[in-house]
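Encoded as structure tokens, the structure appears first; notes follow it.
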Amino acid sequence: MTDLKPDTETPVLEAVAATKHFAAGGATVRAVEEASVALHRGRIVALVGESGSGKTTVARLLARMYPVTGGEIRLDGSPVGRGHPDREYLRRVQLIFQDPFASLHPGKTVLHNLERPLRIHGHVRDRAEARARAAELLERVSLLPAKEFLDKLPHQLSGGQRQRVVIARALAVRPAVLLGDEPISMLDVSIRLDMLNLLTKLRDEEGLALLYITHDIASARYLCDDVQVMYAGQMVEGGPKEDVIQRPAHPYTQLLVDASPDPARDRAADGTADEDGTTLGEPPNLADPPSGCRFRPRCPHAMAVCAEAFPPRTELGGGHWAHCWLHADGSGVTTT
Amino acid sequence: MSVLLEAQGLCVDYLGGERSVRACAEVDLTLRRGEILGIAGESGSGKSTLITALTQLQRPPAAITAGRILLHRDDADGGGTVDLTAADEKRLRALRWREMSIVLQSAMDALNPVMRLSAQFADVLREHRRGITKEAVAARTAELLGMVGIPAERSGAYPHEMSGGMRQRATIALALACDPALVVMDEPTTAVDVVMQRQIMKQILGLRRRLGFAVVFVTHDLSLLLELADRIAIMYAGRIVEIGAARAIHDAPQHPYTRGLRDSFPPLHAPLSVLHGIPGTPPDPADPPPGCAFHPRCDRRLDACDRRLPRLGPVADGRGLAACLLHEHPEEAPVS
Amino acid sequence: MGQPPDRRSILRAGGALSLGALAPPVLAACGGPASATVPRSDTVSVLNKDTAIVRNFNPYSPSNHTGPMGRYIYEPPLWIPRLDPAKPQPWLASAFSWSRGGRELTLTLRKGVRFNDGSPLTLDDFVHSLDIPLKKPEFNTAGVTYTDVRATGPDTVVLTFDKPAYQDLYALGQLSVVSKRQLAGHDLATWNNPDPVGTGPGRIAAFTTNQVRIRLRRGYWGGDAFPTRNLKFPSASEDTAKLLLLDGDLDFASIAWPSGQTNFVDRDPAQNLYSPLPSGTIAMIAFNHTKAPWNDIHVRRALSMAIDRSAVSRTVASGQDPANLAGLAPEVYGSWLLPEYRRSQPLDVAGARRELAAGGWQIKGGNLVKDGRTHTVSMTSIADWPAYRIMSAATADQLRRHLGLNVNLQLQVGATFDSHYNSGTFDIQYRLYSSGTLYQFYNTLLDGQGMLPVGKIAASNQMRWKNADTDRLLAAMRVTDDPKLIASYAASLQKIFVEQLPVVPVLWECIWAVATRRYWTGWPTNRGIRHYFGFDAAAPEAILALKGLRRSTT
Amino acid sequence: MSSGTRRRAIAFARRLRFYVIAAWSAVTLNFLIPRLMPGDPAQAVVQQLEVKNGQNLPPQTVEAIRKLLGGVHENIAVQYWHYLGNLFTGNLGISTGNFPTRVTTLIGTALPWTMLLMGVSTVLAFLIGTGIGALCGWRPGTRTDSVLSPLSTFLAAVPYFWVALFALWLFAFRLGWFPLAGGHDPDADPSSPRYWLSVLHYGLLPALTIVFSSCGGWLLGMRNMTLTTTGEDFVLLARAKGLSNTRVLFRYAARNAMLPQLTGFALALGAIIAGSVLTETVFTYPGVGSLLKQAIDNRDYPLMQGILLFTTLAVLVANFLADSVYVLVDPRTRAQGGDAS
Amino acid sequence: MKPALRNPKVLAGSAIALLVVLAALFGDWFSVHALGQDPHTLDYLVINQPPSGHHLLGTTGSGEDVLAQTIAGARGSLVVGLVSALISTALGILFGVCAGFFGGVADTVLNFITNLFIVMPVFALTLIVAGYLNNTGTMTIALIIGVFGWAGGARSLRAQTMSLRGRDHVQAMRMLGESRTRLVFSEVLPRLYPLISAMFLHAVIGGVLAEAGLAFLGVSSPNTISWGTMIQNAQNQNAIINGLWWWFLPPGFCIAALGTATGLINFGIDEIANPRLGAARRAAQQAVKAA
């Protein structure tokens with residue numbers, strides 16, 4: 001299977017048609033269906049979608065926190081096994097959790113938190129070396145003066161500082177890929193940008209491949225190179241960020257962009273007819289999803305064909321693609 | 001428009017064994033009938049404390065230690081002015097929900113998990129409309145749910161049986177049950193998705209237009225307020241640092257913090273540039289810096305900023321109020 | 001009742017008033033006299049400490065809980081008086097005689113006896129009753145030893161024994177004579193016999209889980225001279241029984257009461273009675289004669305001399321006095337007891353030391369040492385009975401004080417304690433010993449014939465005492481009914497017992513009589529005891545004791 | 001919603017499977033435990049007889065008695081098979097300590113007393129403790145709370161029988177307000193109203209002592225749960241609605257705070273038979289606890305087995321009921337669908 | 001540690017507990033040398049004496065010094081409490097944490113056993129087994145109490161562990177390549193310490209109470225002086241009926257005091273872990289004062 005990619009380089013980490021179903025109380029929750037995403041060295045991909053869209057599941061599949069039901073995960077082009085990842089894998093792929101307050105053991109110092117990965121992966125031999133390396137890591141995430149932070153306990157740090165420690169800890173294993181699961185959503189507004197700038201720096205200076213999961217399109221646009229939009233477990237659209245955000249092809253992407261707060265938006269133009277309280281419905285129950293395109297019940301352009309099958313991938317040019325029957329009339333190269 | 005609610009010199013302290021923490025300091029606010037007043041602030045800014053105090057719902061160890069809250073009642077409701085801080089429990093109970101109601105951040109937590117929705121509506125209707133018939137309760141419940149786009153038959157559901165968005169809309173409908181003059185909303189859209197957030201905002205605007213209630217809308221998301229509120233108050237470290245019309249806050253923020261906050265939101269459509277949030281971290285409410293609490297993070301800091309507490313006063317061009325020495329001594333130049 | 005209200009009834013009234021507000025109907029119903037049908041003052045109330053909660057009067061059940069009630073329903077062929085067990089008395093058998101050198105016993109059935117259902121006691125019933133233990137050994141709960149039962153005349157029955165059985169009459173005092181007609185068609189292994197038919201004066205009048213009422217009938221063969229026809233047997237633990245006695249709800253209980261004199265009698269000396277009655281039972285120290293140093297007479301004597309028996313008695317404080325040298329209670333075995341053994345062993349620490357020295361023993365570090373070998377002293381006692389905990393602890397304390405011996409005292413529950421005794425896996429045991437006749441007293445304790453090795457469960461001579469003289473004397477005693485011969489054997493056995501000290505008698509064990517004279521007097525006391533009463537009495541004694549009661553006049 | 005119904009059915013089946021396996025395990029354990037212990041029932045019976053008779057029994061008699069009382073000569077597998085078979089026919093065997101009474105008869109006689117006394121007092125303790133606990137948790141720091149909460153800690157730690165013995169001495173003996181022993185007036189005719197009133201009177205002191213020493217635990221549990229619950233948003237909202245305090249307390253705070261208490265209550269209800277040993281020993285109450293004590297004293301295997309079985313089944317049934325009640329009072333448990341993270 | 005020591009409840013509770021521990025450790029020495037009383041000495045001259053200068057808490061029915069016995073009883077009771085608590089806590093951790101952390105088949109099996117022990121009539125079983133194994137000493141009693149008493153703790157540990165297992169910091173350490181055993185010991189267990197210590201304290205007093213109950217029913221070790229056997233002896237010799245309050249009250253009171261102590265410590269820990277509990281009270285008091 002060949003993919004047309006703007007970048008011909010082999011992706012560091014890739015999910016190919018990854019599917020994940022969970023068994024829950026006698027039902028099957030179809031959390032992710034044939035989702036593909038490729039992470040390249042020195043590029044940031046943003047995965048955008050509402051909560052429950054499966055974007056976190058994709059990240060965890062990439063981190064191999066649980067096995068795929070279908071499809072595969074490839075590291076440096078070669079498929080990986082289904083079991084729990086070995087240390088080799090974890091040395092290449094690291095995941096950053098959403099909540100910096102819960103990600104650090106509350107009883108352990110910053111140093112201890114950084115020392116463990118260094119030791120596990122054999123990057124240091126003794127305490128002194130660990131301390132030095134840990135300080136370096138803190139400097140890389142701009143926690144200065146680093147020495148002062150080493151002996152602090154998590155509760156003595158602010159949310160932003162904690163998230164920096166979390167990132168430093170992930171960097172300690174010297175990974176090639178960072179998977180960020182909404183890494184800034186729990187932080188104060190005023191410090192979010194710094195965190196995004198830090199991630200940008202890591203991409204630019206260290207060539208990390210980054211997956212940035214968020215529901216905030218504006219921050220995705222600020223940070224990433226490419227955007228992929230998920231809805232109810234399915235990838236609906238993707239491509240270079242400005243193509244997707246400024247010229248969304250999929251009705252869901254359009255809805256998402258329209259709904260996002262934009263201070264620059266003209267309020268006078270916003271007195272829309274929606275004020276009467278009609279609603280656009282809600283995401284489907286993934287234990288019993290609609291057939292075909294799962295956005296169909298909410299889609300203003302829904303057609304008969306939408307119920308029959310999930311639309312194929314339509315290339316819209318410039319790496320921009322969408323899964324939507326509106327665009328699947330042969331205007332682009334279709335693959336599955 | 002006439003004034004509905006006034007807070008004068010309001011102070012709220014968290015009483016502790018040896019030292020108390022002042023969460024809200026000398027807050028002065030005026031809310032007019034039918035107005036949407038946004039209160040924006042980051043975690044620890046005292047915004048949630050402020051609204052629990054405004055609604056007299058503060059629980060130990062929080063206590064109002066100074067100031068008044070004046071509620072000016074409509075002639076239709078008997079008229080007169082009530083100082084909520086001095087009203088006894090019985091008096092307050094009579095005012096609650098009829099004059100002021102509240103919508104909390106998480107509807108899941110705010111609704112009693114073991115009561116059907118209808119029972120929670122009936123509870124409040126029976127309390128405030130003595131002698132109301134069963135049929136009337138059912139009819140009113142259906143009407144209220146209809147206003148937020150929930151089918152009446154869903155009233156028999158338990159909270160956990162509804163989706164997050166539906167729950168949140170239900171609590172908004174519940175808040176409107178007794179036609180209050182004031183609805184206080186504490187981050188009502190934080191727990192829902194962007195699309196649902198947009199819907200709820202539109203519904204609030206629409207309902208406000210139809211029913212004429214005033215809204216105090218509290219959030220950490222200034223970008224949201226800029227689209228929704230008529231006026232916005234910015235809180236920092238327990239104090240209001242700036243109040244002004246939404247447009248003015250967006251176009252010409254007077255306080256350095258407001259400016260920083262506004263610039264912390266990357267644009268959705270405007271050209272991208274590298275942005276920086278506000279350096280440093282928000283202060284610990286238990287140990288605020290002396291003088292202006294913002295001075296350690298301020299890039300336009302003056303010499304006196306760490307000594308003198310700026311008062312909230314009119315800014316030079318009369319576009320609202322700000323609490324910053326820059327406006328008290330406009331001639332003095334920034335230090336750094 | 002016509003008495004001025006005492007403090008208790010005033011208090012009770014007060015309680016009723018203050019509780020009245022809470023639960024008026026309860027107290028209105030329960031505050032009155034004990035019974036509407038039979039006044040308390042016309043009832044003899046005796047403790048049933050063998051709590052029966054089901055109506056089980058099957059006399060053959062190995063585990064029936066008829067307790068003291070059964071004594072008024074089922075009667076035995078013979079009465080073995082506890083105060084002179086060597087002289088069995090006629091009861092349902094009006095006469096008995098030995099023949100064939102003690103291998104045949106002829107019993108004559110008493111005439112005119114009727115069961116409590118009105119039917120007459122026939123020879124058929126009598127034979128049937130005697131035959132059941134033979135046909136079904138599992139129901140031989142009385143422990144009879146005859147091998148054949150035969151009716152030989154209109155009112156005579158002959159019991160055949162394998163060997164001379166002069167000393168085996170005791171079991172006939174335990175046997176219950178039953179109605180063949182009533183038993184017919186019932187499987188003794190499954191039948192509870194809820195309405196027992198017996199020759200005794202009593203009938204079950206009411207049965208509840210807490211109390212059994214017995215009504216005495218007219219027409220009892222032994223006469224109608226009972227002070228009342230109403231008996232009741234409330235069930236209670238011994239602790240509660242004491243409260244019931246103090247409250248006057250119980251007339252009589254057979255329970256030990258530490259400091260009973262001060263805590264019961266002294267509260268109301270006119271009414272309350274606490275009397276430890278002699279029973280022929282002793283509290284003793286038993287030695288394992290297969291083990292050194294206990295097989296050394298000097299050690300046994302030294303131990304015996306180092307015990308201050310009156311101090312132990314005072315510590316136990318419930319009435320057990322020091323036992324005499326022979327361990328034979330004068331009230332029970334008085335006719336055999338040698339006068340020189342009537343005294344108790346006094347405390348003689350110097351003597352004890354001399355004995356140890358004579359045996360070549362030293363005490364080092366609290367242990368017994370001889371020839372370079374060290375022996376620790378391990379004493380076990382029974383945990384179930386508080387008196388034995390105290391007795392053994394006090395004895396151990398004294399050996400420590402007087403001889404410097406460290407006694408390692410262990411308490412064990414009955415089952416464990418006995419199983420160690422029976423299999424001979426013990427050093428010293430502090431235990432209760434009781435046996436019926438004088439012969440049984442020595443035979444069970446000391447008979448060395450067929451002695452079992454350590455580890456096997458023995459039913460007698462568990463201490464593994466081996467003494468040729470003892471065995472010879474016991475064998476001779478078994479086959480004679482000549483009182484003179486028996487007396488001489490008894491004297492010789494006493495000598496061996498006192499001089500060789502196979503066991504060290506410490507205190508008498510008692511049967512206690514705790515009674516109030518509120519409604520009845522004439523209770524057995526240690527002064528002028530005639531018959532036992534209550535739980536520990538055999539049927540004839542219980543009936544006779546009841547007849548001896550009189551209405552209280554105070 | 002059909003998938004929901006199916007899920008519920010599956011969940012129910014799973015629960016049921018647990019109860020069946022648990023019951024079987026309990027039954028087996030009850031069979032094994034007495035048999036793994038040293039000593040045998042005949043020994044105890046013979047010993048008692050010998051003490052009573054004052055002489056030893058002939059060896060063949062002892063052997064015969066051992067056989068009669070179901071000595072341990074059979075293969076244990078055969079015994080187990082018989083035991084299971086008998087269970088299904090409701091035959092728990094014959095008590096050796098009360099030979100030849102059936103175990104079912106004994107338990108049948110004793111069970112109503114225990115159920116009455118322990119059942120009523122457990123419910124009372126639960127209601128009182130939970131009620132006061134809710135009030136204390138609702139208004140923490142008030143005088144009632146600051147007296148009652150530490151007091152409950154103390155009460156929960158006092159040995160029950162110690163209190164009971166003291167109460168017996170004070171109220172029954174010194175003051176004479178209550179009878180000293182038993183479950184009813186032994187002189188009253190069981191069909192008369194006086195008898196039934198006496199049952200109340202006799203049960204009052206034991207019940208009060210139980211309530212006294214066990215309501216502290218409920219109180220503390222409910223207090224802390226209420227305190228936690230009053231911090232919940234829905235209680236805040238209920239207050240904001242202007243509902244009366246009692247309504248907020250009962251409909252919102254206590255109602256939710258009580259949910260965890262119910263599980264404990266079910267366990268307590270199930271445990272009443274086992275817990276009755278101390279009470280019934282102190283008050284000579286004619287219930288299963290006294291019976292169990294007697295069975296242990298007599299090494300009465302069949303009776304012990306029977307009581308254990310009853311007790312275990314009681315706990316299982318109580319748990320099953322609690323599960324069911326929980327589903328009724330907490331709608332969230334009704335549709336426990338799985339969800340992916 | 002600091003907030004714990006500042007909490008008055010923890011302080012009071014610890015003080016009582018410390019006193020009991022001291023009595024258990026040095027009680028014998030103290031009795032013999034400071035009081036001049038050996039708890040094992042039976043003095044028939046001073047039976048049932050009320051408290052006096054010589055016998056500060058009077059004597060028992062066998063002439064033992066009640067104070068010396070009460071002090072000696074601390075060891076007996078505490079040993080049962082501690083040993084049984086150690087066993088039940090260890091089993092609780094083993095079953096609860098393993099089931100909660102490893103999940104899957106291990107969880108199914110372990111959780112089933114746990115639930116089984118929860119529904120088994122534990123006190124009755126303890127009573128029966130202890131009744132059979134009598135005379136085997138305090139340790140056996142403690143063992144039995146511990147072996148039958150772990151299930152409740154295991155259940156809450158399992159729930160806590162399951163929730164901890166899903167916490168981000170555990171997942172994060174796992175993602176860093178930490179081994180599962182190490183995760184249990186360094187990430188999960190330390191966070192369970194408050195729960196485990198509360199469980200342990202609870203189990204200690206549970207063990208002491210169970211031993212007392214068993215002693216009262218006559219199935220505890222008769223050779224050891226514990227508060228339970230003291231009450232049993234007092235009861236056996238009719239201390240209450242005979243009005244010997246000085247014999248009957250101290251051991252029960254000591255048990256209650258130890259129980260209160262553990263309760264107070266648990267309370268205090270709760271307040272520290274859940275500040276609302278404590279703060280609410282203080283604030284309410286302040287508010288009352290202010291008003």
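Following the order of the structure tokens, chains are lettered A, B, ..., residues in each are numbered from 1, and ligands are numbered from 1.
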- Message: Should the cut-off be 10 Å, what would the residue list for chain C against chain E look like, counting only C-alpha atoms, as number ranges by chain?
- Response: C: 238-240, 242-243, 246, 256-260, 262-264, 310-318, 382-387, 389-391, 393-398, 409-417
Preceding selection exported with N, CA and C atoms as a CSV table (one decimal), in the first residue's frame:
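What landed in again-v1.csv:
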```csv
chain,number,residue,atom,x,y,z
C,238,GLU,N,-24.2,-19.7,85.0
C,238,GLU,CA,-23.9,-19.6,86.4
C,238,GLU,C,-23.9,-18.1,86.9
C,239,ASP,N,-23.4,-17.2,86.0
C,239,ASP,CA,-23.3,-15.8,86.4
C,239,ASP,C,-24.7,-15.3,86.6
C,240,THR,N,-25.5,-15.5,85.6
C,240,THR,CA,-26.9,-15.0,85.7
C,240,THR,C,-27.6,-15.6,86.9
C,242,LYS,N,-26.6,-16.4,89.7
C,242,LYS,CA,-26.3,-15.7,90.9
C,242,LYS,C,-27.1,-14.4,91.1
C,243,LEU,N,-27.3,-13.7,90.0
C,243,LEU,CA,-28.2,-12.6,90.0
C,243,LEU,C,-29.7,-13.0,90.3
C,246,LEU,N,-30.0,-13.7,94.0
C,246,LEU,CA,-30.0,-12.5,94.7
C,246,LEU,C,-31.4,-11.9,94.6
C,256,ALA,N,-20.7,-23.0,92.2
C,256,ALA,CA,-19.7,-22.5,93.0
C,256,ALA,C,-19.7,-20.9,93.0
C,257,TRP,N,-19.5,-20.3,94.1
C,257,TRP,CA,-19.5,-18.9,94.1
C,257,TRP,C,-18.3,-18.4,94.9
C,258,PRO,N,-17.3,-17.9,94.2
C,258,PRO,CA,-16.1,-17.4,94.9
C,258,PRO,C,-16.6,-16.3,95.9
C,259,SER,N,-16.0,-16.4,97.0
C,259,SER,CA,-16.4,-15.5,98.1
C,259,SER,C,-17.9,-15.5,98.3
C,260,GLY,N,-18.5,-16.6,98.2
C,260,GLY,CA,-20.0,-16.7,98.4
C,260,GLY,C,-20.5,-16.3,99.7
C,262,THR,N,-19.2,-13.9,101.7
C,262,THR,CA,-19.3,-12.5,101.9
C,262,THR,C,-20.3,-11.9,100.8
C,263,ASN,N,-20.3,-12.4,99.6
C,263,ASN,CA,-21.0,-11.8,98.6
C,263,ASN,C,-22.5,-12.3,98.5
C,264,PHE,N,-22.8,-13.4,99.1
C,264,PHE,CA,-24.1,-13.8,99.1
C,264,PHE,C,-24.7,-13.9,100.5
C,310,SER,N,-4.2,-24.7,103.1
C,310,SER,CA,-5.2,-23.8,103.5
C,310,SER,C,-5.1,-22.5,102.8
C,311,ALA,N,-3.9,-22.1,102.4
C,311,ALA,CA,-3.7,-20.9,101.6
C,311,ALA,C,-4.4,-21.0,100.2
C,312,VAL,N,-4.1,-22.2,99.6
C,312,VAL,CA,-4.8,-22.4,98.3
C,312,VAL,C,-6.3,-22.4,98.5
C,313,SER,N,-6.8,-23.0,99.5
C,313,SER,CA,-8.2,-23.0,99.8
C,313,SER,C,-8.7,-21.5,99.9
C,314,ARG,N,-8.0,-20.7,100.6
C,314,ARG,CA,-8.4,-19.3,100.8
C,314,ARG,C,-8.4,-18.5,99.5
C,315,THR,N,-7.4,-18.9,98.7
C,315,THR,CA,-7.3,-18.2,97.4
C,315,THR,C,-8.5,-18.5,96.5
C,316,VAL,N,-8.8,-19.8,96.5
C,316,VAL,CA,-10.0,-20.2,95.7
C,316,VAL,C,-11.3,-19.6,96.2
C,317,ALA,N,-11.4,-19.6,97.5
C,317,ALA,CA,-12.4,-18.8,98.2
C,317,ALA,C,-13.8,-19.2,97.8
C,318,SER,N,-14.0,-20.5,97.4
C,318,SER,CA,-15.4,-20.8,97.2
C,318,SER,C,-15.8,-22.0,98.0
C,382,ILE,N,-6.8,-27.3,84.0
C,382,ILE,CA,-7.9,-27.2,83.0
C,382,ILE,C,-8.4,-25.7,83.0
C,383,ALA,N,-8.5,-25.2,81.8
C,383,ALA,CA,-8.9,-23.8,81.6
C,383,ALA,C,-10.3,-23.5,81.8
C,384,ASP,N,-11.2,-24.6,81.6
C,384,ASP,CA,-12.6,-24.3,81.6
C,384,ASP,C,-13.1,-23.9,83.0
C,385,TRP,N,-12.5,-24.3,84.0
C,385,TRP,CA,-13.0,-24.0,85.4
C,385,TRP,C,-12.1,-23.0,86.1
C,386,PRO,N,-12.7,-21.9,86.4
C,386,PRO,CA,-11.9,-20.8,87.0
C,386,PRO,C,-11.2,-21.3,88.3
C,387,ALA,N,-11.9,-22.1,89.1
C,387,ALA,CA,-11.3,-22.5,90.4
C,387,ALA,C,-9.9,-23.2,90.1
C,389,ARG,N,-7.9,-22.8,87.6
C,389,ARG,CA,-6.9,-21.8,87.2
C,389,ARG,C,-6.3,-21.2,88.4
C,390,ILE,N,-7.1,-20.9,89.4
C,390,ILE,CA,-6.6,-20.3,90.6
C,390,ILE,C,-5.8,-21.2,91.4
C,391,MET,N,-6.4,-22.4,91.6
C,391,MET,CA,-5.7,-23.5,92.4
C,391,MET,C,-4.3,-23.7,91.9
C,393,ALA,N,-2.6,-22.0,89.8
C,393,ALA,CA,-1.7,-20.8,89.9
C,393,ALA,C,-1.2,-20.6,91.3
C,394,ALA,N,-2.1,-20.8,92.3
C,394,ALA,CA,-1.6,-20.6,93.6
C,394,ALA,C,-0.6,-21.6,94.1
C,395,THR,N,-0.8,-22.9,93.6
C,395,THR,CA,0.1,-23.9,93.9
C,395,THR,C,1.5,-23.6,93.3
C,396,ALA,N,1.5,-23.2,92.0
C,396,ALA,CA,2.7,-22.9,91.4
C,396,ALA,C,3.4,-21.8,92.1
C,397,ASP,N,2.6,-20.8,92.5
C,397,ASP,CA,3.2,-19.6,93.2
C,397,ASP,C,3.8,-20.1,94.5
C,398,GLN,N,3.2,-21.0,95.2
C,398,GLN,CA,3.8,-21.5,96.5
C,398,GLN,C,5.0,-22.3,96.3
C,409,LEU,N,3.4,-23.3,84.2
C,409,LEU,CA,2.0,-23.6,84.3
C,409,LEU,C,1.3,-23.4,83.0
C,410,GLN,N,0.6,-24.4,82.5
C,410,GLN,CA,-0.2,-24.2,81.2
C,410,GLN,C,-1.6,-24.6,81.5
C,411,LEU,N,-2.5,-23.8,81.0
C,411,LEU,CA,-3.9,-24.1,81.1
C,411,LEU,C,-4.4,-24.7,79.7
C,412,GLN,N,-5.2,-25.7,79.8
C,412,GLN,CA,-5.7,-26.3,78.6
C,412,GLN,C,-7.2,-26.5,78.7
C,413,VAL,N,-7.9,-26.5,77.6
C,413,VAL,CA,-9.3,-26.7,77.6
C,413,VAL,C,-9.5,-28.2,77.9
C,414,GLY,N,-10.7,-28.5,78.4
C,414,GLY,CA,-11.1,-29.9,78.8
C,414,GLY,C,-10.7,-31.0,77.9
C,415,ALA,N,-11.0,-30.8,76.6
C,415,ALA,CA,-10.8,-31.9,75.7
C,415,ALA,C,-9.3,-32.2,75.6
C,416,THR,N,-8.5,-31.2,75.4
C,416,THR,CA,-7.1,-31.3,75.2
C,416,THR,C,-6.5,-31.9,76.5
C,417,PHE,N,-6.9,-31.3,77.6
C,417,PHE,CA,-6.4,-31.6,78.9
C,417,PHE,C,-6.6,-33.1,79.1
```
- Query: Taking only C-alpha atoms into account, which residues of chain B are within 9 Å of chain E, as a PyMOL selection string?
  - Reply: chain B and resi 14-17+59-63
- Do a neighbour search on Ala95 in chain C at 8 Å with only C-alpha atoms, toss out local chain neighbours closer than 3 positions, and write the hits as JSON, numbers by chain. {"C": [90, 107, 108, 109, 110]}
- Identify, with DSSP run on backbone atoms, the residues in range 9-115 of chain E assigned to helix (DSSP H, G or I), and express the list as a ChimeraX atom specification. /E:9-35,44-46,66-102,104-115
- Using only C-alpha atoms, which chain D residues lie at most 6 Å away from chain B, written as a list of chain:residue names? D:Asp233, D:Phe234, D:Lys241, D:Gly242, D:Asp330, D:Pro331
Selection to disk with all heavy atoms, as a tab-separated table (two decimals), in the first residue's frame:
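Below is the file that was written, result-v6.tsv:
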```tsv
chain	number	residue	atom	x	y	z
D	233	ASP	N	-21.59	19.54	44.18
D	233	ASP	CA	-22.27	20.64	43.52
D	233	ASP	C	-23.79	20.54	43.59
D	233	ASP	O	-24.48	21.55	43.67
D	233	ASP	CB	-21.83	20.71	42.05
D	233	ASP	CG	-20.53	21.47	41.90
D	233	ASP	OD1	-20.08	22.05	42.90
D	233	ASP	OD2	-19.97	21.49	40.79
D	234	PHE	N	-24.28	19.30	43.54
D	234	PHE	CA	-25.75	19.22	43.49
D	234	PHE	C	-26.38	19.66	44.81
D	234	PHE	O	-27.52	20.11	44.83
D	234	PHE	CB	-26.23	17.83	43.05
D	234	PHE	CG	-25.82	16.70	43.95
D	234	PHE	CD1	-26.56	16.41	45.08
D	234	PHE	CD2	-24.74	15.89	43.64
D	234	PHE	CE1	-26.21	15.35	45.90
D	234	PHE	CE2	-24.39	14.84	44.45
D	234	PHE	CZ	-25.12	14.58	45.59
D	241	LYS	N	-31.30	26.72	44.95
D	241	LYS	CA	-32.70	26.70	44.51
D	241	LYS	C	-33.63	27.26	45.57
D	241	LYS	O	-34.82	27.44	45.31
D	241	LYS	CB	-33.13	25.25	44.24
D	241	LYS	CG	-32.66	24.66	42.93
D	241	LYS	CD	-33.06	23.19	42.98
D	241	LYS	CE	-32.87	22.46	41.68
D	241	LYS	NZ	-33.29	21.06	41.86
D	242	GLY	N	-33.12	27.46	46.77
D	242	GLY	CA	-33.96	28.01	47.83
D	242	GLY	C	-34.78	26.94	48.50
D	242	GLY	O	-35.78	27.24	49.16
D	330	ASP	N	-30.09	3.71	43.58
D	330	ASP	CA	-29.08	4.41	42.80
D	330	ASP	C	-29.25	4.07	41.32
D	330	ASP	O	-28.77	3.04	40.86
D	330	ASP	CB	-27.68	4.05	43.27
D	330	ASP	CG	-26.64	4.93	42.59
D	330	ASP	OD1	-27.02	5.68	41.67
D	330	ASP	OD2	-25.46	4.87	42.98
D	331	PRO	N	-29.93	4.95	40.60
D	331	PRO	CA	-30.23	4.62	39.20
D	331	PRO	C	-28.97	4.42	38.36
D	331	PRO	O	-29.02	3.78	37.33
D	331	PRO	CB	-31.02	5.84	38.72
D	331	PRO	CG	-30.73	6.91	39.69
D	331	PRO	CD	-30.45	6.25	41.00
```
- All residues 9 Å or closer to range 153-158 of chain E, only C-alpha atoms, same chain fewer than 5 positions away omitted, as an MDAnalysis selection string: chainID E and resid 88:89 91:101 107 111 114:115 118 163 192 195:196 199:200 203
- Task: Name the residues in contact with Pro297 in chain A at a cut-off of 9 Å, using only C-alpha atoms, excluding same-chain residues fewer than 6 positions from it; report them as a ChimeraX atom specification.
- Result: /A:281-284,290
- Please identify every residue of chain B that has at least one atom no more than 9 Å from any atom of chain A, counting only C-alpha atoms, and report them as a count of residues only. 59
